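File shown: model15.cif (mmCIF, C-alpha atoms).
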```
data_query
#
loop_
_atom_site.label_atom_id
_atom_site.label_comp_id
_atom_site.auth_asym_id
_atom_site.auth_seq_id
_atom_site.Cartn_x
_atom_site.Cartn_y
_atom_site.Cartn_z
CA VAL A 1 75.85 78.16 93.13
CA THR A 2 78.23 76.41 90.73
CA SER A 3 79.04 72.93 92.00
CA PHE A 4 82.57 71.69 92.43
CA PHE A 5 82.04 69.22 89.57
CA ASP A 6 80.77 71.94 87.23
CA GLN A 7 83.78 74.16 88.03
CA GLU A 8 86.20 71.30 87.41
CA LEU A 9 84.46 70.45 84.13
CA GLN A 10 84.59 74.07 82.98
CA GLN A 11 88.27 74.27 83.88
CA LEU A 12 89.01 71.05 81.97
CA ILE A 13 87.27 72.41 78.86
CA PHE A 14 88.96 75.77 79.35
CA ASN A 15 92.48 74.30 79.51
CA SER A 16 91.89 72.10 76.46
CA LEU A 17 91.19 75.08 74.20
CA ASN A 18 93.89 76.22 71.80
CA ILE A 19 95.76 79.42 72.61
CA VAL A 20 95.87 81.83 69.69
CA LYS A 21 99.01 83.97 69.57
CA ARG A 22 98.51 87.71 69.36
CA GLU A 23 101.07 90.48 68.80
CA ASP A 24 104.37 90.33 70.67
CA ILE A 25 104.19 92.12 74.00
CA TYR A 26 107.44 93.94 73.30
CA PRO A 27 109.08 95.36 70.15
CA SER A 28 111.10 92.92 68.06
CA ASN A 29 114.38 94.62 68.91
CA GLU A 30 114.04 93.65 72.56
CA SER A 31 115.84 90.55 73.80
CA TYR A 32 112.59 89.12 75.13
CA SER A 33 110.53 89.68 71.99
CA LEU A 34 109.76 85.97 71.57
CA ASN A 35 107.27 86.13 74.42
CA THR A 36 103.71 86.62 73.24
CA SER A 37 100.45 87.43 74.88
CA SER A 38 97.66 84.96 74.33
CA CYS A 39 94.02 85.30 73.53
CA VAL A 40 91.88 82.46 74.88
CA ASP A 41 88.29 81.97 73.76
CA MET A 42 85.92 80.21 76.15
CA TYR A 43 82.20 80.16 75.38
CA SER A 44 82.85 83.15 73.05
CA THR A 45 84.66 85.00 75.86
CA THR A 46 87.92 86.54 74.71
CA ILE A 47 90.53 86.69 77.44
CA TYR A 48 93.79 88.61 77.11
CA HIS A 49 96.60 86.90 78.99
CA GLU A 50 100.26 87.96 79.08
CA LYS A 51 102.75 85.35 80.25
CA GLN A 52 105.75 85.86 82.48
CA VAL A 53 108.95 87.42 81.12
CA ARG A 54 111.93 88.26 83.35
CA GLU A 55 110.58 89.90 86.53
CA LEU A 56 107.86 91.84 84.72
CA CYS A 57 104.91 90.33 86.59
CA ALA A 58 103.69 93.80 87.63
CA LEU A 59 103.51 94.85 83.99
CA HIS A 60 101.71 91.65 83.03
CA ALA A 61 99.30 92.00 85.96
CA LEU A 62 98.37 95.52 84.89
CA ASN A 63 97.84 94.57 81.25
CA ASN A 64 95.92 91.42 82.17
CA LEU A 65 93.78 93.53 84.47
CA PHE A 66 92.97 96.00 81.68
CA GLN A 67 92.64 93.13 79.21
CA MET A 68 94.90 94.82 76.69
CA LYS A 69 98.44 96.10 76.25
CA GLU A 70 97.73 99.22 78.31
CA PHE A 71 101.23 99.71 79.76
CA THR A 72 104.78 99.17 78.57
CA LYS A 73 108.03 98.47 80.37
CA GLU A 74 109.26 101.91 79.34
CA GLU A 75 106.27 103.60 81.00
CA LEU A 76 106.77 101.72 84.26
CA ASP A 77 110.49 102.52 84.22
CA SER A 78 109.61 106.18 83.70
CA ILE A 79 107.31 106.05 86.73
CA CYS A 80 110.19 104.61 88.78
CA TYR A 81 112.41 107.55 87.83
CA SER A 82 109.65 110.06 88.60
CA LEU A 83 109.22 108.54 92.07
CA SER A 84 112.97 108.67 92.82
CA PRO A 85 114.58 111.06 90.33
CA ASP A 86 117.90 111.77 92.05
CA VAL A 87 119.25 108.36 93.03
CA TRP A 88 121.89 106.09 91.54
CA ILE A 89 120.01 102.91 92.39
CA ASN A 90 116.25 103.16 91.97
CA PRO A 91 114.46 101.51 94.90
CA HIS A 92 111.28 100.84 92.93
CA LYS A 93 112.64 98.30 90.43
CA SER A 94 115.39 95.80 89.78
CA ILE A 95 118.88 97.29 89.49
CA LEU A 96 119.38 94.94 86.52
CA GLY A 97 116.46 96.43 84.63
CA LEU A 98 114.52 93.17 84.70
CA GLY A 99 111.39 94.57 86.37
CA ASN A 100 110.54 93.62 89.97
CA TYR A 101 108.45 96.80 90.36
CA ASP A 102 107.04 97.64 93.79
CA ILE A 103 103.54 98.69 94.82
CA ASN A 104 104.32 102.39 94.42
CA VAL A 105 104.80 101.86 90.69
CA LEU A 106 101.56 99.94 90.31
CA MET A 107 99.63 102.57 92.25
CA LYS A 108 101.08 105.40 90.17
CA ALA A 109 100.35 103.53 86.95
CA LEU A 110 96.74 102.93 87.97
CA GLN A 111 96.32 106.55 89.01
CA SER A 112 97.45 107.64 85.55
CA ARG A 113 94.39 105.80 84.20
CA GLY A 114 91.92 107.08 86.80
CA TYR A 115 92.06 104.14 89.21
CA GLU A 116 93.24 103.54 92.76
CA ALA A 117 94.71 100.45 94.42
CA ILE A 118 93.12 100.06 97.85
CA TRP A 119 95.03 97.90 100.33
CA PHE A 120 92.64 95.41 101.89
CA ASP A 121 93.22 94.69 105.57
CA LYS A 122 93.44 90.88 105.64
CA ARG A 123 91.81 90.87 109.09
CA ARG A 124 88.60 91.93 107.38
CA ASP A 125 86.16 89.43 105.94
CA PRO A 126 86.16 89.55 102.09
CA ASN A 127 82.36 89.30 102.27
CA CYS A 128 82.48 93.03 103.03
CA ILE A 129 83.73 93.77 99.51
CA ASN A 130 81.16 95.30 97.16
CA LEU A 131 82.03 93.25 94.10
CA GLN A 132 79.75 95.32 91.88
CA ASN A 133 82.05 98.32 92.31
CA ILE A 134 85.36 96.51 91.87
CA PHE A 135 87.28 96.85 88.60
CA GLY A 136 89.59 94.00 89.61
CA PHE A 137 92.01 92.65 92.18
CA ILE A 138 95.78 92.54 92.42
CA LEU A 139 97.26 89.90 94.68
CA ASN A 140 100.84 90.11 95.93
CA ILE A 141 102.46 86.84 96.98
CA PRO A 142 105.95 85.59 97.92
CA SER A 143 107.86 84.05 95.05
CA GLU A 144 110.96 81.89 94.85
CA TYR A 145 113.79 83.00 92.59
CA LYS A 146 115.24 80.19 90.50
CA VAL A 147 118.13 79.85 88.08
CA SER A 148 117.61 76.64 86.14
CA PHE A 149 116.71 74.12 88.88
CA ILE A 150 118.44 76.00 91.67
CA THR A 151 116.37 78.08 94.11
CA LEU A 152 118.30 81.14 95.24
CA PRO A 153 117.84 82.71 98.72
CA LEU A 154 116.47 85.94 97.27
CA ARG A 155 113.29 87.61 98.48
CA ARG A 156 110.94 88.29 95.59
CA ARG A 157 107.27 89.21 95.28
CA HIS A 158 104.87 88.22 92.51
CA TRP A 159 101.88 90.24 91.24
CA ILE A 160 98.69 88.53 90.06
CA ALA A 161 95.61 90.06 88.44
CA ILE A 162 92.10 88.76 89.11
CA ARG A 163 89.14 90.07 87.20
CA GLN A 164 85.56 89.32 86.29
CA ILE A 165 85.04 88.73 82.58
CA ASN A 166 81.56 88.05 81.21
CA GLY A 167 80.17 86.86 84.52
CA ASN A 168 83.07 84.72 85.73
CA TYR A 169 86.16 85.61 87.71
CA TYR A 170 89.53 84.55 86.38
CA ASN A 171 92.98 84.20 87.89
CA LEU A 172 95.17 85.87 85.25
CA ASP A 173 98.50 84.95 86.82
CA SER A 174 101.24 85.43 84.20
CA LYS A 175 102.94 82.25 85.43
CA LEU A 176 99.94 80.15 84.41
CA ASP A 177 99.79 78.56 80.98
CA SER A 178 96.29 79.98 80.58
CA PRO A 179 93.77 81.93 82.69
CA TYR A 180 92.19 79.89 85.48
CA ILE A 181 88.45 80.22 85.99
CA LEU A 182 87.51 80.85 89.61
CA GLY A 183 83.75 81.07 89.10
CA LYS A 184 81.05 83.42 90.35
CA ASP A 185 80.92 85.94 93.21
CA ILE A 186 80.73 83.31 95.94
CA ASN A 187 83.69 81.45 94.44
CA VAL A 188 85.99 84.46 94.24
CA ILE A 189 85.13 85.44 97.82
CA GLU A 190 86.09 81.97 99.03
CA TYR A 191 89.27 82.12 96.96
CA LEU A 192 90.24 85.47 98.49
CA LYS A 193 89.52 84.17 101.99
CA ASP A 194 91.80 81.23 101.38
CA GLU A 195 94.60 83.37 99.93
CA LEU A 196 94.47 85.97 102.70
CA GLY A 197 94.64 83.21 105.28
CA LYS A 198 98.14 82.37 104.06
CA LYS A 199 101.30 84.07 105.27
CA ASP A 200 102.73 87.14 103.51
CA LYS A 201 99.96 87.53 100.94
CA GLN A 202 98.45 90.97 100.33
CA LEU A 203 95.35 92.02 98.42
CA PHE A 204 94.66 95.30 96.62
CA LEU A 205 91.25 96.29 95.31
CA VAL A 206 91.32 98.25 92.05
CA VAL A 207 88.49 100.79 91.82
CA ASP A 208 87.94 104.05 89.98
CA GLU A 209 88.80 107.33 91.71
CA GLU A 210 85.21 108.23 92.60
CA ARG A 211 84.47 104.87 94.22
CA ALA A 212 87.78 105.01 96.06
CA GLU A 213 87.01 108.45 97.47
CA ASN A 214 83.50 107.42 98.55
CA GLN A 215 84.64 104.00 99.81
CA ASP A 216 82.05 102.39 97.58
CA TRP A 217 84.22 99.27 97.43
CA LEU A 218 82.86 98.47 100.88
CA LEU A 219 79.33 97.14 101.34
CA LYS A 220 77.12 99.52 103.28
CA ASN A 221 76.06 98.47 106.79
CA SER A 222 78.74 95.79 106.81
CA SER A 223 80.66 96.95 109.88
CA SER A 224 79.87 93.77 111.80
CA CYS A 225 81.39 91.40 109.25
CA CYS A 226 84.28 93.74 108.51
CA SER A 227 85.30 94.13 112.11
CA ARG A 228 85.03 90.41 112.86
CA ASN A 229 88.78 89.91 113.19
CA LEU A 230 90.06 93.44 113.69
CA GLN A 231 90.52 92.94 117.41
CA GLU A 232 92.91 90.05 116.90
#
```
Once more with this new file: its structure as structure tokens, please.
Amino acid sequence: VTSFFDQELQQLIFNSLNIVKREDIYPSNESYSLNTSSCVDMYSTTIYHEKQVRELCALHALNNLFQMKEFTKEELDSICYSLSPDVWINPHKSILGLGNYDINVLMKALQSRGYEAIWFDKRRDPNCINLQNIFGFILNIPSEYKVSFITLPLRRRHWIAIRQINGNYYNLDSKLDSPYILGKDINVIEYLKDELGKKDKQLFLVVDEERAENQDWLLKNSSSCCSRNLQE
């Protein structure tokens, strides 16, 4: 098990590495074209990390999960229109066109690539998760909406991707300056336990269609640990 000191040392080294700019996330004719994704190299591990633009955290979470520019804003907007084709105000995204996509959009996007987003009942123990069959995690958390230094009373949600890359799990939050190393299996389980213990946070397991259908994301013979809190 990686010690606390070793994790802190790895994180210190990780954060000190230079970030190499890659292609712009969006075409140059877009108003937000100055934002770039970053490629961080740690112990010869290349990590793709898109940073936050507007309210496009869902887009960044998806691309960070796939470790490439797999989706575009235009594709997610198109999914919104397909979900609600005959409405003036689309309920699946921001009316200002800034993003703020809901879970239906993420699920549809993942399905278009052969994956499913499985909602994880936070009353379950994360030890029940079969990490070997998980493509990644998407965490949904409350987020404050700020204009300059002023926090507005608007309810917003933020999407975060978590994925294992070359043996270590990383928090690929687009609001971070660089990916944050969580560690090995035991470390990510403890991290998920801590996050799910907080109010209004939701976890989705991303698995391929076959594993979703067979519930292979759940460890076999784990009913006792999974039902530990279900009676609460």
Please write as a list in words the full residue list that the PyMOL selection byres ((chain A and resi 180) around 6) yields on this file.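 After applying the PyMOL selection byres ((chain A and resi 180) around 6), what remains is Tyr170, Asn171, Pro179 and Ile181 of chain A.
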Quick one: of A:Val87, A:Cys57, A:Leu219, A:Leu182, who's nearest to A:Tyr101, counting only C-alpha atoms? A:Cys57
May I ask for the distance between atom CA of A:Lys122 and atom CA of A:Lys201, given in Å to one decimal place?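 Spanning atom CA of A:Lys122 to atom CA of A:Lys201 is a straight-line distance of 8.7 Å.
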Non-local contacts of A:Met68 (10 Å; only C-alpha atoms; under 5 positions in same chain excluded) as a ChimeraX atom specification: /A:37,47-50,60,62-63
Need the shell around stretch 104-110 of chain A: protein/DNA/RNA residues with any atom at most 7 Å away, counting all atoms listed in the file. Skip same-chain ones fewer than 3 positions apart. Format as a PyMOL selection string? chain A and resi 76+79-80+92+101+113-117
Would you work out the distance separating atom CA of A:Phe137 from atom CA of A:Ala61, expressed in Å to one decimal? 9.6 Å
List, as a PyMOL selection string, every residue that the PyMOL selection byres ((chain A and resi 161) around 7) selects in the file provided. chain A and resi 61+64-65+137-139+159-160+162-163+171-173
Report as a list in words the full result of the PyMOL selection byres ((chain A and resi 199) around 12) when it is applied to this structure.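 Selected by the PyMOL selection byres ((chain A and resi 199) around 12) here: Lys122, Asn140, Ile141, Pro142, Asp194, Glu195, Leu196, Gly197, Lys198, Asp200, Lys201 and Gln202 of chain A.
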Please provide as a PyMOL selection string all residues within 8 Å of A:Asn133, with the sequence filter that same-chain residues fewer than 5 positions apart are discarded (counting only C-alpha atoms). chain A and resi 207+211+216-217
Neighbours of A:Leu131 within 9 Å (only C-alpha atoms; same-chain residues fewer than 2 positions away dropped), as a list in words?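 Surrounding residues, per the criterion: Cys128, Ile129, Asn133, Ile134, Phe135, Gly136, Asp185, Trp217, Leu218 and Leu219 of chain A.
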Using all atoms listed in the file for the distances, tell me which of A:Ser78, A:Ser84, A:Gln132, A:Tyr169 is nearest to A:Leu192.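 Checking each of A:Ser78, A:Ser84, A:Gln132, A:Tyr169 against A:Leu192, counting all atoms listed in the file, the winner is A:Tyr169.
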Coordinates-based distance that separates atom CA of A:Leu83 from atom CA of A:Glu209 (Å, one decimal):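 Value for the atom CA of A:Glu209-atom CA of A:Leu83 distance: 20.5 Å.
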Of the candidates A:Ala58, A:Thr46, A:Phe71, A:Pro126, which shows the shortest atom-to-atom distance to A:Ser174, using only C-alpha atoms?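 Going through A:Ala58, A:Thr46, A:Phe71, A:Pro126 one by one, the smallest distance to A:Ser174 is for A:Ala58.
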In terms of only C-alpha atoms, the residue from A:Asn127, A:Gln215, A:Lys220, A:Glu210 at minimal distance from A:Gln111 is A:Glu210
Shortest contact to A:Gln164, candidates A:Gln67, A:Gln52, A:Asn221, A:Ser178, atoms counted only C-alpha atoms, goes to A:Gln67
From the set A:Leu59, A:Leu176, A:Ile103, A:Ile186, which residue has the shortest atom-to-atom contact distance to A:Ile118, counting only C-alpha atoms?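 Smallest separation from A:Ile118 among the options: A:Ile103.
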